[in-house]
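Visitor: What follows is the file upload.cif, containing mmCIF, C-alpha atoms; chains and numbers go by the auth columns:
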data_model
#
loop_
_atom_site.group_PDB
_atom_site.id
_atom_site.type_symbol
_atom_site.label_atom_id
_atom_site.label_comp_id
_atom_site.label_asym_id
_atom_site.label_seq_id
_atom_site.Cartn_x
_atom_site.Cartn_y
_atom_site.Cartn_z
_atom_site.B_iso_or_equiv
_atom_site.auth_seq_id
_atom_site.auth_asym_id
ATOM 1 C CA MET A 1 -9.990 -10.945 -1.808 0.00 1 A
ATOM 2 C CA THR A 2 -9.429 -11.512 -5.520 0.00 2 A
ATOM 3 C CA THR A 3 -6.803 -9.373 -7.251 0.00 3 A
ATOM 4 C CA LEU A 4 -7.851 -7.622 -10.459 0.00 4 A
ATOM 5 C CA PRO A 5 -5.396 -7.720 -13.377 0.00 5 A
ATOM 6 C CA PRO A 6 -3.983 -4.296 -14.379 0.00 6 A
ATOM 7 C CA GLU A 7 -6.023 -4.037 -17.584 0.00 7 A
ATOM 8 C CA THR A 8 -9.226 -4.845 -15.682 0.00 8 A
ATOM 9 C CA ARG A 9 -8.434 -2.131 -13.135 0.00 9 A
ATOM 10 C CA SER A 10 -8.242 0.397 -15.959 0.00 10 A
ATOM 11 C CA ARG A 11 -11.646 -0.728 -17.234 0.00 11 A
ATOM 12 C CA ALA A 12 -13.111 -0.487 -13.745 0.00 12 A
ATOM 13 C CA ALA A 13 -11.730 3.049 -13.385 0.00 13 A
ATOM 14 C CA VAL A 14 -13.386 4.107 -16.654 0.00 14 A
ATOM 15 C CA LEU A 15 -16.726 2.613 -15.627 0.00 15 A
ATOM 16 C CA TYR A 16 -16.600 4.262 -12.191 0.00 16 A
ATOM 17 C CA GLN A 17 -15.830 7.656 -13.689 0.00 17 A
ATOM 18 C CA GLN A 18 -18.867 7.202 -15.941 0.00 18 A
ATOM 19 C CA GLY A 19 -21.091 6.773 -12.906 0.00 19 A
ATOM 20 C CA VAL A 20 -21.167 3.043 -12.232 0.00 20 A
ATOM 21 C CA PRO A 21 -21.270 2.416 -8.428 0.00 21 A
ATOM 22 C CA ILE A 22 -18.555 0.386 -6.756 0.00 22 A
ATOM 23 C CA ARG A 23 -20.989 -2.357 -5.723 0.00 23 A
ATOM 24 C CA GLN A 24 -22.097 -2.843 -9.311 0.00 24 A
ATOM 25 C CA LEU A 25 -18.466 -2.927 -10.462 0.00 25 A
ATOM 26 C CA ALA A 26 -17.728 -5.568 -7.826 0.00 26 A
ATOM 27 C CA ALA A 27 -20.641 -7.714 -9.005 0.00 27 A
ATOM 28 C CA HIS A 28 -19.686 -7.231 -12.646 0.00 28 A
ATOM 29 C CA PHE A 29 -16.070 -8.309 -12.173 0.00 29 A
ATOM 30 C CA GLY A 30 -16.856 -11.014 -9.642 0.00 30 A
ATOM 31 C CA VAL A 31 -14.887 -9.525 -6.752 0.00 31 A
ATOM 32 C CA SER A 32 -15.690 -8.116 -3.332 0.00 32 A
ATOM 33 C CA TYR A 33 -16.649 -4.501 -2.688 0.00 33 A
ATOM 34 C CA GLY A 34 -13.346 -3.948 -0.865 0.00 34 A
ATOM 35 C CA CYS A 35 -11.339 -5.346 -3.767 0.00 35 A
ATOM 36 C CA ALA A 36 -13.145 -3.127 -6.289 0.00 36 A
ATOM 37 C CA ARG A 37 -12.630 -0.078 -4.082 0.00 37 A
ATOM 38 C CA ALA A 38 -8.934 -0.909 -3.599 0.00 38 A
ATOM 39 C CA ALA A 39 -8.512 -1.319 -7.365 0.00 39 A
ATOM 40 C CA LEU A 40 -9.906 2.172 -7.933 0.00 40 A
ATOM 41 C CA LEU A 41 -7.644 3.667 -5.284 0.00 41 A
ATOM 42 C CA ASN A 42 -4.600 1.903 -6.750 0.00 42 A
ATOM 43 C CA ALA A 43 -5.526 3.330 -10.140 0.00 43 A
ATOM 44 C CA GLY A 44 -5.514 6.840 -8.625 0.00 44 A
ATOM 45 C CA VAL A 45 -9.246 7.406 -9.124 0.00 45 A
ATOM 46 C CA PRO A 46 -10.770 9.945 -6.681 0.00 46 A
ATOM 47 C CA LEU A 47 -13.764 8.307 -5.043 0.00 47 A
ATOM 48 C CA ARG A 48 -17.125 10.001 -4.776 0.00 48 A
ATOM 49 C CA GLN A 49 -18.228 11.180 -1.351 0.00 49 A
ATOM 50 C CA PRO A 50 -20.521 8.698 0.421 0.00 50 A
ATOM 51 C CA GLY A 51 -24.122 9.760 0.531 0.00 51 A
ATOM 52 C CA ARG A 52 -27.564 8.609 -0.386 0.00 52 A
ATOM 53 C CA PRO A 53 -27.238 5.398 -2.393 0.00 53 A
ATOM 54 C CA ARG A 54 -28.132 5.849 -6.009 0.00 54 A
ATOM 55 C CA LYS A 55 -29.770 3.358 -8.285 0.00 55 A
ATOM 56 C CA ASN A 56 -27.447 1.088 -10.176 0.00 56 A
ATOM 57 C CA ALA A 57 -26.296 2.850 -13.311 0.00 57 A
ATOM 58 C CA PRO A 58 -26.300 0.837 -16.513 0.00 58 A
ATOM 59 C CA LEU A 59 -22.922 -0.267 -17.801 0.00 59 A
ATOM 60 C CA PRO A 60 -22.026 1.948 -20.775 0.00 60 A
ATOM 61 C CA PRO A 61 -22.130 -0.287 -23.853 0.00 61 A
ATOM 62 C CA ALA A 62 -19.037 1.341 -25.325 0.00 62 A
ATOM 63 C CA VAL A 63 -16.858 0.176 -22.436 0.00 63 A
ATOM 64 C CA ALA A 64 -18.849 -2.776 -21.082 0.00 64 A
ATOM 65 C CA VAL A 65 -16.590 -5.740 -20.465 0.00 65 A
ATOM 66 C CA ARG A 66 -16.993 -9.185 -19.073 0.00 66 A
ATOM 67 C CA ALA A 67 -14.996 -10.339 -16.132 0.00 67 A
ATOM 68 C CA ARG A 68 -12.142 -12.415 -17.500 0.00 68 A
ATOM 69 C CA PRO A 69 -12.199 -15.895 -15.953 0.00 69 A
ATOM 70 C CA ARG A 70 -9.111 -16.703 -13.960 0.00 70 A
ATOM 71 C CA PRO A 71 -6.855 -19.343 -15.470 0.00 71 A
ATOM 72 C CA PRO A 72 -6.327 -22.505 -13.424 0.00 72 A
ATOM 73 C CA PHE A 73 -3.717 -22.081 -10.734 0.00 73 A
ATOM 74 C CA ASP A 74 -0.390 -23.520 -11.913 0.00 74 A
ATOM 75 C CA ALA A 75 1.054 -24.692 -8.597 0.00 75 A
ATOM 76 C CA ALA A 76 4.338 -25.847 -10.147 0.00 76 A
ATOM 77 C CA ALA A 77 4.982 -22.492 -11.838 0.00 77 A
ATOM 78 C CA ALA A 78 3.969 -20.591 -8.708 0.00 78 A
ATOM 79 C CA ALA A 79 6.269 -22.763 -6.597 0.00 79 A
ATOM 80 C CA ARG A 80 9.188 -21.972 -8.903 0.00 80 A
ATOM 81 C CA LEU A 81 8.467 -18.252 -8.591 0.00 81 A
ATOM 82 C CA TYR A 82 8.307 -18.535 -4.816 0.00 82 A
ATOM 83 C CA GLU A 83 11.547 -20.515 -4.626 0.00 83 A
ATOM 84 C CA ASP A 84 13.193 -17.866 -6.827 0.00 84 A
ATOM 85 C CA GLY A 85 12.372 -15.317 -4.136 0.00 85 A
ATOM 86 C CA LYS A 86 9.118 -13.820 -5.403 0.00 86 A
ATOM 87 C CA THR A 87 6.691 -12.661 -2.718 0.00 87 A
ATOM 88 C CA LEU A 88 3.138 -13.924 -2.318 0.00 88 A
ATOM 89 C CA GLU A 89 1.893 -10.492 -3.431 0.00 89 A
ATOM 90 C CA GLN A 90 3.912 -10.686 -6.650 0.00 90 A
ATOM 91 C CA ILE A 91 2.634 -14.196 -7.392 0.00 91 A
ATOM 92 C CA ALA A 92 -0.928 -13.087 -6.636 0.00 92 A
ATOM 93 C CA GLU A 93 -0.566 -10.180 -9.061 0.00 93 A
ATOM 94 C CA LYS A 94 0.729 -12.515 -11.757 0.00 94 A
ATOM 95 C CA THR A 95 -1.846 -15.276 -11.309 0.00 95 A
ATOM 96 C CA GLY A 96 -4.955 -13.222 -10.511 0.00 96 A
ATOM 97 C CA TYR A 97 -5.475 -14.992 -7.181 0.00 97 A
ATOM 98 C CA SER A 98 -5.460 -13.345 -3.770 0.00 98 A
ATOM 99 C CA ARG A 99 -2.380 -13.442 -1.563 0.00 99 A
ATOM 100 C CA SER A 100 -4.080 -15.634 1.016 0.00 100 A
ATOM 101 C CA ARG A 101 -5.307 -18.046 -1.663 0.00 101 A
ATOM 102 C CA VAL A 102 -1.822 -18.308 -3.156 0.00 102 A
ATOM 103 C CA HIS A 103 -0.479 -19.097 0.314 0.00 103 A
ATOM 104 C CA VAL A 104 -3.032 -21.887 0.804 0.00 104 A
ATOM 105 C CA LEU A 105 -2.474 -23.398 -2.651 0.00 105 A
ATOM 106 C CA LEU A 106 1.307 -23.377 -2.277 0.00 106 A
ATOM 107 C CA ARG A 107 1.085 -25.106 1.087 0.00 107 A
ATOM 108 C CA GLN A 108 -1.275 -27.678 -0.378 0.00 108 A
ATOM 109 C CA ALA A 109 1.333 -28.281 -3.106 0.00 109 A
ATOM 110 C CA GLY A 110 3.901 -29.109 -0.424 0.00 110 A
ATOM 111 C CA VAL A 111 5.917 -25.888 -0.674 0.00 111 A
ATOM 112 C CA THR A 112 7.792 -24.934 2.505 0.00 112 A
ATOM 113 C CA MET A 113 6.816 -21.352 3.257 0.00 113 A
ATOM 114 C CA ARG A 114 9.283 -18.725 4.378 0.00 114 A
ATOM 115 C CA THR A 115 8.945 -17.138 7.793 0.00 115 A
ATOM 116 C CA SER A 116 9.434 -13.481 8.714 0.00 116 A
ATOM 117 C CA ARG A 117 12.934 -14.343 9.981 0.00 117 A
ATOM 118 C CA ASP A 118 14.143 -16.064 6.840 0.00 118 A
ATOM 119 C CA PRO A 119 16.748 -14.052 4.907 0.00 119 A
ATOM 120 C CA ARG A 120 15.944 -12.975 1.365 0.00 120 A
ATOM 121 C CA ALA A 121 19.468 -13.253 0.016 0.00 121 A
ATOM 122 C CA SER A 122 18.099 -15.105 -3.006 0.00 122 A
ATOM 123 C CA ARG A 123 16.477 -11.840 -4.155 0.00 123 A
ATOM 124 C CA ILE A 124 19.334 -9.517 -3.325 0.00 124 A
ATOM 125 C CA SER A 125 20.788 -7.615 -6.256 0.00 125 A
ATOM 126 C CA PRO A 126 24.323 -8.416 -7.451 0.00 126 A
ATOM 127 C CA ALA A 127 25.413 -4.861 -6.615 0.00 127 A
ATOM 128 C CA LYS A 128 24.152 -5.145 -3.062 0.00 128 A
ATOM 129 C CA ARG A 129 25.740 -8.576 -2.691 0.00 129 A
ATOM 130 C CA ARG A 130 29.098 -7.131 -3.808 0.00 130 A
ATOM 131 C CA LYS A 131 28.728 -4.279 -1.328 0.00 131 A
ATOM 132 C CA ILE A 132 28.080 -6.669 1.571 0.00 132 A
ATOM 133 C CA LEU A 133 31.096 -8.795 0.662 0.00 133 A
ATOM 134 C CA ALA A 134 33.340 -5.748 0.196 0.00 134 A
ATOM 135 C CA LEU A 135 32.416 -4.378 3.609 0.00 135 A
ATOM 136 C CA TRP A 136 32.856 -7.819 5.161 0.00 136 A
ATOM 137 C CA ARG A 137 36.359 -8.226 3.688 0.00 137 A
ATOM 138 C CA GLN A 138 37.260 -4.770 5.010 0.00 138 A
ATOM 139 C CA GLY A 139 36.550 -6.044 8.500 0.00 139 A
ATOM 140 C CA ARG A 140 33.503 -3.859 9.059 0.00 140 A
ATOM 141 C CA SER A 141 31.172 -4.744 11.892 0.00 141 A
ATOM 142 C CA CYS A 142 27.775 -6.339 11.224 0.00 142 A
ATOM 143 C CA ALA A 143 26.100 -3.196 12.569 0.00 143 A
ATOM 144 C CA HIS A 144 28.007 -1.092 10.048 0.00 144 A
ATOM 145 C CA ILE A 145 27.159 -3.431 7.155 0.00 145 A
ATOM 146 C CA ILE A 146 23.493 -3.501 8.172 0.00 146 A
ATOM 147 C CA GLU A 147 23.367 0.296 8.156 0.00 147 A
ATOM 148 C CA ARG A 148 25.332 0.839 4.953 0.00 148 A
ATOM 149 C CA ALA A 149 23.824 -2.006 2.906 0.00 149 A
ATOM 150 C CA ARG A 150 20.340 -1.727 4.437 0.00 150 A
ATOM 151 C CA THR A 151 20.098 -5.442 5.129 0.00 151 A
ATOM 152 C CA SER A 152 19.841 -7.888 8.027 0.00 152 A
ATOM 153 C CA SER A 153 22.384 -9.944 9.928 0.00 153 A
ATOM 154 C CA ALA A 154 20.787 -13.166 8.625 0.00 154 A
ATOM 155 C CA THR A 155 21.196 -12.004 5.028 0.00 155 A
ATOM 156 C CA ILE A 156 24.815 -11.004 5.676 0.00 156 A
ATOM 157 C CA THR A 157 25.565 -14.475 7.034 0.00 157 A
ATOM 158 C CA LYS A 158 23.881 -16.166 4.054 0.00 158 A
ATOM 159 C CA VAL A 159 25.669 -13.992 1.474 0.00 159 A
ATOM 160 C CA VAL A 160 29.035 -14.572 3.148 0.00 160 A
ATOM 161 C CA ARG A 161 28.505 -18.337 3.269 0.00 161 A
ATOM 162 C CA GLU A 162 27.375 -18.462 -0.359 0.00 162 A
ATOM 163 C CA ALA A 163 30.631 -16.696 -1.267 0.00 163 A
ATOM 164 C CA GLY A 164 32.565 -19.548 0.358 0.00 164 A
ATOM 165 C CA LEU A 165 33.665 -17.476 3.362 0.00 165 A
ATOM 166 C CA ASP A 166 33.445 -18.312 7.038 0.00 166 A
ATOM 167 C CA PRO A 167 30.974 -15.950 8.769 0.00 167 A
ATOM 168 C CA ARG A 168 32.999 -16.304 11.967 0.00 168 A
ATOM 169 C CA SER A 169 36.104 -14.778 10.414 0.00 169 A
ATOM 170 C CA ARG A 170 36.716 -11.702 8.334 0.00 170 A
ATOM 171 C CA GLY A 171 39.498 -9.493 7.023 0.00 171 A
ATOM 172 C CA PRO A 172 41.742 -7.377 9.222 0.00 172 A
ATOM 173 C CA ARG A 173 39.694 -5.458 11.739 0.00 173 A
ATOM 174 C CA ARG A 174 39.781 -1.740 11.233 0.00 174 A
ATOM 175 C CA LYS A 175 41.077 0.376 14.106 0.00 175 A
ATOM 176 C CA TYR A 176 38.983 3.482 14.612 0.00 176 A
ATOM 177 C CA ASP A 177 40.535 6.801 15.602 0.00 177 A
ATOM 178 C CA HIS A 178 38.900 7.435 18.977 0.00 178 A
ATOM 179 C CA GLU A 179 40.760 10.703 19.537 0.00 179 A
ATOM 180 C CA ARG A 180 39.524 12.061 16.222 0.00 180 A
ATOM 181 C CA MET A 181 35.978 11.040 17.119 0.00 181 A
ATOM 182 C CA ARG A 182 36.157 12.980 20.384 0.00 182 A
ATOM 183 C CA ALA A 183 37.780 15.970 18.685 0.00 183 A
ATOM 184 C CA LEU A 184 35.085 16.110 16.013 0.00 184 A
ATOM 185 C CA ARG A 185 32.418 15.842 18.684 0.00 185 A
ATOM 186 C CA ARG A 186 33.939 18.752 20.611 0.00 186 A
ATOM 187 C CA GLU A 187 33.794 20.782 17.399 0.00 187 A
ATOM 188 C CA GLY A 188 30.037 20.208 17.347 0.00 188 A
ATOM 189 C CA MET A 189 29.827 17.573 14.656 0.00 189 A
ATOM 190 C CA LYS A 190 26.825 15.257 14.840 0.00 190 A
ATOM 191 C CA LEU A 191 27.197 11.586 15.724 0.00 191 A
ATOM 192 C CA ILE A 192 25.966 10.474 12.324 0.00 192 A
ATOM 193 C CA GLU A 193 28.509 12.721 10.586 0.00 193 A
ATOM 194 C CA ILE A 194 31.371 11.358 12.718 0.00 194 A
ATOM 195 C CA ALA A 195 30.174 7.824 12.002 0.00 195 A
ATOM 196 C CA ALA A 196 30.300 8.531 8.256 0.00 196 A
ATOM 197 C CA ASP A 197 33.786 9.989 8.618 0.00 197 A
ATOM 198 C CA GLN A 198 35.046 6.913 10.466 0.00 198 A
ATOM 199 C CA GLY A 199 33.036 4.276 8.647 0.00 199 A
ATOM 200 C CA THR A 200 31.167 3.028 11.695 0.00 200 A
ATOM 201 C CA THR A 201 27.775 3.493 13.368 0.00 201 A
ATOM 202 C CA PRO A 202 26.479 6.452 15.428 0.00 202 A
ATOM 203 C CA GLN A 203 25.989 4.118 18.395 0.00 203 A
ATOM 204 C CA TYR A 204 29.671 3.174 18.384 0.00 204 A
ATOM 205 C CA VAL A 205 30.668 6.852 18.154 0.00 205 A
ATOM 206 C CA TRP A 206 28.421 7.686 21.125 0.00 206 A
ATOM 207 C CA THR A 207 30.077 4.937 23.174 0.00 207 A
ATOM 208 C CA VAL A 208 33.553 6.233 22.332 0.00 208 A
ATOM 209 C CA VAL A 209 32.956 9.934 22.954 0.00 209 A
ATOM 210 C CA ASN A 210 31.151 9.279 26.230 0.00 210 A
ATOM 211 C CA ALA A 211 33.625 6.710 27.558 0.00 211 A
ATOM 212 C CA PRO A 212 35.809 9.224 29.530 0.00 212 A
ATOM 213 C CA ALA A 213 32.823 10.792 31.263 0.00 213 A
ATOM 214 C CA ARG A 214 31.397 7.378 32.114 0.00 214 A
ATOM 215 C CA LYS A 215 34.737 6.239 33.561 0.00 215 A
ATOM 216 C CA ALA A 216 35.051 9.413 35.619 0.00 216 A
ATOM 217 C CA LYS A 217 31.533 9.002 36.936 0.00 217 A
ATOM 218 C CA ALA A 218 32.209 5.381 37.865 0.00 218 A
ATOM 219 C CA ALA A 219 35.449 6.338 39.638 0.00 219 A
ATOM 220 C CA ALA A 220 33.681 9.100 41.569 0.00 220 A
ATOM 221 C CA ALA A 221 30.958 6.710 42.622 0.00 221 A
ATOM 222 C CA ALA A 222 33.592 4.202 43.781 0.00 222 A
ATOM 223 C CA GLY A 223 35.384 6.917 45.783 0.00 223 A
ATOM 224 C CA THR A 224 32.174 8.027 47.445 0.00 224 A
ATOM 225 C CA ALA A 225 31.435 4.457 48.431 0.00 225 A
ATOM 226 C CA ALA A 226 34.950 4.055 49.878 0.00 226 A
ATOM 227 C CA ASP A 227 34.617 7.277 51.950 0.00 227 A
ATOM 228 C CA ALA A 228 31.315 6.107 53.329 0.00 228 A
ATOM 229 C CA THR A 229 32.892 2.948 54.689 0.00 229 A
#
Could you render the structure as structure tokens?
Guide:
Amino acid sequence: MTTLPPETRSRAAVLYQQGVPIRQLAAHFGVSYGCARAALLNAGVPLRQPGRPRKNAPLPPAVAVRARPRPPFDAAAAARLYEDGKTLEQIAEKTGYSRSRVHVLLRQAGVTMRTSRDPRASRISPAKRRKILALWRQGRSCAHIIERARTSSATITKVVREAGLDPRSRGPRRKYDHERMRALRREGMKLIEIAADQGTTPQYVWTVVNAPARKAKAAAAAGTAADAT
């Protein structure tokens, strides 16, 4: 599905509001019906209710435009954008080609495509990169960094390596106050609030505050088994 440039979307919205059907807009701009409809929705144009098909309305001469021919696809420029971390959608928007067509043309140009598991550390902002490294040097767990920096473990590893650090080692590990966690929980504080207080994750807090009860339950089960024998 071909992507319409922003200025063409605005023209299509004007024509539609003047009564031109979507199918005629699609034919006029050389795109599919679905693409023309999506362009109108993206422009915030309320669509008319479906009903009896009307005859094609003439294009108003005051706003009639010709579909701008797409420029030739510059594979080298697109490859540079992709290697810089741009998404296929962003390249499609810039070039006027569909996402799927950009994908095919890049592969034909010999570009190695990213997978869903590949980290996007190349596109991470400097502020976010500094936050990941600061948390890492503080000895925070990966789970904590993932939650606080809203990132992935693969990205954390890549950022740490690019900073010249060993992902297998980190700064002094922080010791959490388990007694304070349990005390705050007894006071009725939520897990997420205790986690914020201690600088860890709600899952870790849950494990800590429930550890005594789990140990007692395991001991009781062991005693019952011993009595039965």
Visitor: How many Å separate atom CA of His103 of chain A from atom CA of Leu4 of chain A?
Guide: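 Between these atoms lies a distance of 17.4 Å.
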Visitor: Could you tell me, as number ranges by chain, which residues have any atom at most 12 Å from (36.0, 6.4, 6.9), counting all atoms listed in the file?
Guide: A: 135, 138, 140, 144, 174-177, 180-181, 193-201
Visitor: Which residues, named as in the file, does the PyMOL selection byres ((chain A and resi 39) around 9) pick out? Answer as a PyMOL selection string.
Guide: chain A and resi 3-4+6+9-10+12-13+34-38+40-45
Visitor: Closest to Pro5 of chain A among A:Pro46, A:Pro212, A:Pro202, A:Pro71, using all atoms listed in the file?
Guide: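 For Pro5 of chain A, the nearest of the given residues is A:Pro71.
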Visitor: Taking (29.0, -6.9, 11.3) as a centre in this file's frame and 10 Å as the limit, can you find every polymer residue with an atom that close, using all atoms listed in the file, and give them as a count of residues only?
Guide: 18
Visitor: My list of candidates is A:Ala78, A:Met189, A:Ala134, A:Ala219. Which is closest to Arg101 of chain A when distances are computed with all atoms listed in the file?
Guide: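 So, comparing all the options, the nearest one is A:Ala78.
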Visitor: Could you state the separation of atom CA of Gln49 of chain A and atom CA of Ser98 of chain A in Å, given to one decimal place?
Guide: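 Taking atom CA of Gln49 of chain A as the start and atom CA of Ser98 of chain A as the end point, the length is 27.8 Å.
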Visitor: Please, what distance in Å, to one decimal, runs between atom CA of Arg137 of chain A and atom CA of Ala183 of chain A?
Guide: 28.5 Å
Visitor: If the PyMOL selection byres ((chain A and resi 91) around 10) were run on this exact file, what residues would it hold? Put them as an mmCIF file with C-alpha atoms, in the frame of the given file.
Guide:
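Result file is part.cif:
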data_model
loop_
_atom_site.group_PDB
_atom_site.id
_atom_site.type_symbol
_atom_site.label_atom_id
_atom_site.label_comp_id
_atom_site.auth_asym_id
_atom_site.auth_seq_id
_atom_site.Cartn_x
_atom_site.Cartn_y
_atom_site.Cartn_z
ATOM 1 C CA ALA A 77 4.982 -22.492 -11.838
ATOM 2 C CA ALA A 78 3.969 -20.591 -8.708
ATOM 3 C CA ALA A 79 6.269 -22.763 -6.597
ATOM 4 C CA LEU A 81 8.467 -18.252 -8.591
ATOM 5 C CA TYR A 82 8.307 -18.535 -4.816
ATOM 6 C CA LYS A 86 9.118 -13.820 -5.403
ATOM 7 C CA THR A 87 6.691 -12.661 -2.718
ATOM 8 C CA LEU A 88 3.138 -13.924 -2.318
ATOM 9 C CA GLU A 89 1.893 -10.492 -3.431
ATOM 10 C CA GLN A 90 3.912 -10.686 -6.650
ATOM 11 C CA ALA A 92 -0.928 -13.087 -6.636
ATOM 12 C CA GLU A 93 -0.566 -10.180 -9.061
ATOM 13 C CA LYS A 94 0.729 -12.515 -11.757
ATOM 14 C CA THR A 95 -1.846 -15.276 -11.309
ATOM 15 C CA GLY A 96 -4.955 -13.222 -10.511
ATOM 16 C CA TYR A 97 -5.475 -14.992 -7.181
ATOM 17 C CA SER A 98 -5.460 -13.345 -3.770
ATOM 18 C CA ARG A 99 -2.380 -13.442 -1.563
ATOM 19 C CA VAL A 102 -1.822 -18.308 -3.156
ATOM 20 C CA HIS A 103 -0.479 -19.097 0.314
#
Visitor: Selection in question (the file shown): the PyMOL selection byres ((chain A and resi 25-30) around 8). Which residues does it include, as JSON, numbers by chain?
Guide: {"A": [12, 15, 16, 20, 21, 22, 23, 24, 31, 32, 33, 35, 36, 66, 67, 68]}
Visitor: I'd like the neighbourhood of Thr112 of chain A as a list in words, where a residue qualifies if any of its atoms comes within 10 Å (using all atoms listed in the file), though same-chain residues fewer than 3 positions away should be ignored.
Guide: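 Selected residues are Ala79, Tyr82, Glu83, Leu106, Arg107, Gln108, Ala109 and Thr115 of chain A.
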Visitor: For segment 26-41 of chain A, take all atoms listed in the file, fit an axis-aligned box around them, add 4 Å to each of the six sides, then output centre and edge lengths in Å rounded to one decimal, as AutoDock Vina command-line options.
Guide:
--center_x -14.1 --center_y -3.7 --center_z -6.8 --size_x 21.0 --size_y 22.7 --size_z 19.8
Visitor: I'd like to know which of A:Gly85, A:Thr151, A:Asp166, A:His178 is closest to Ala211 of chain A, using only C-alpha atoms.
Guide: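 Residue with the minimum atom-to-atom distance to Ala211 of chain A: A:His178.
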Visitor: Taking only C-alpha atoms into account, which of A:Ala222, A:Val160, A:Ala76, A:Ala213 comes nearest Leu133 of chain A?
Guide: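 For Leu133 of chain A, the nearest of the given residues is A:Val160.
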Visitor: Take segment 85-90 of chain A, model all heavy atoms, and hand the result over as a short mmCIF file (atom, residue, chain, number, x, y, z; two decimals), in the frame of the given file.
Guide:
data_model
loop_
_atom_site.label_atom_id
_atom_site.label_comp_id
_atom_site.auth_asym_id
_atom_site.auth_seq_id
_atom_site.Cartn_x
_atom_site.Cartn_y
_atom_site.Cartn_z
N GLY A 85 12.36 -16.49 -5.00
CA GLY A 85 12.37 -15.32 -4.14
C GLY A 85 11.21 -14.37 -4.32
O GLY A 85 11.14 -13.34 -3.65
N LYS A 86 10.27 -14.69 -5.22
CA LYS A 86 9.12 -13.82 -5.40
C LYS A 86 8.23 -13.86 -4.16
O LYS A 86 8.13 -14.87 -3.48
CB LYS A 86 8.29 -14.26 -6.62
CG LYS A 86 9.04 -14.18 -7.94
CD LYS A 86 9.43 -12.76 -8.29
CE LYS A 86 10.09 -12.70 -9.67
NZ LYS A 86 10.52 -11.33 -10.01
N THR A 87 7.58 -12.73 -3.87
CA THR A 87 6.69 -12.66 -2.72
C THR A 87 5.31 -13.19 -3.10
O THR A 87 4.98 -13.34 -4.29
CB THR A 87 6.55 -11.22 -2.23
OG1 THR A 87 5.93 -10.43 -3.27
CG2 THR A 87 7.90 -10.62 -1.89
N LEU A 88 4.50 -13.46 -2.07
CA LEU A 88 3.14 -13.92 -2.32
C LEU A 88 2.34 -12.86 -3.07
O LEU A 88 1.51 -13.18 -3.92
CB LEU A 88 2.45 -14.26 -0.99
CG LEU A 88 3.03 -15.46 -0.23
CD1 LEU A 88 2.31 -15.62 1.10
CD2 LEU A 88 2.91 -16.75 -1.04
N GLU A 89 2.59 -11.58 -2.74
CA GLU A 89 1.89 -10.49 -3.43
C GLU A 89 2.23 -10.48 -4.92
O GLU A 89 1.36 -10.27 -5.77
CB GLU A 89 2.25 -9.14 -2.80
CG GLU A 89 1.67 -8.90 -1.42
CD GLU A 89 2.49 -9.56 -0.32
OE1 GLU A 89 3.51 -10.22 -0.65
OE2 GLU A 89 2.11 -9.42 0.85
N GLN A 90 3.51 -10.69 -5.25
CA GLN A 90 3.91 -10.69 -6.65
C GLN A 90 3.30 -11.87 -7.40
O GLN A 90 2.88 -11.72 -8.56
CB GLN A 90 5.44 -10.73 -6.74
CG GLN A 90 6.11 -9.45 -6.27
CD GLN A 90 7.61 -9.59 -6.15
OE1 GLN A 90 8.13 -10.66 -5.83
NE2 GLN A 90 8.33 -8.50 -6.40
#
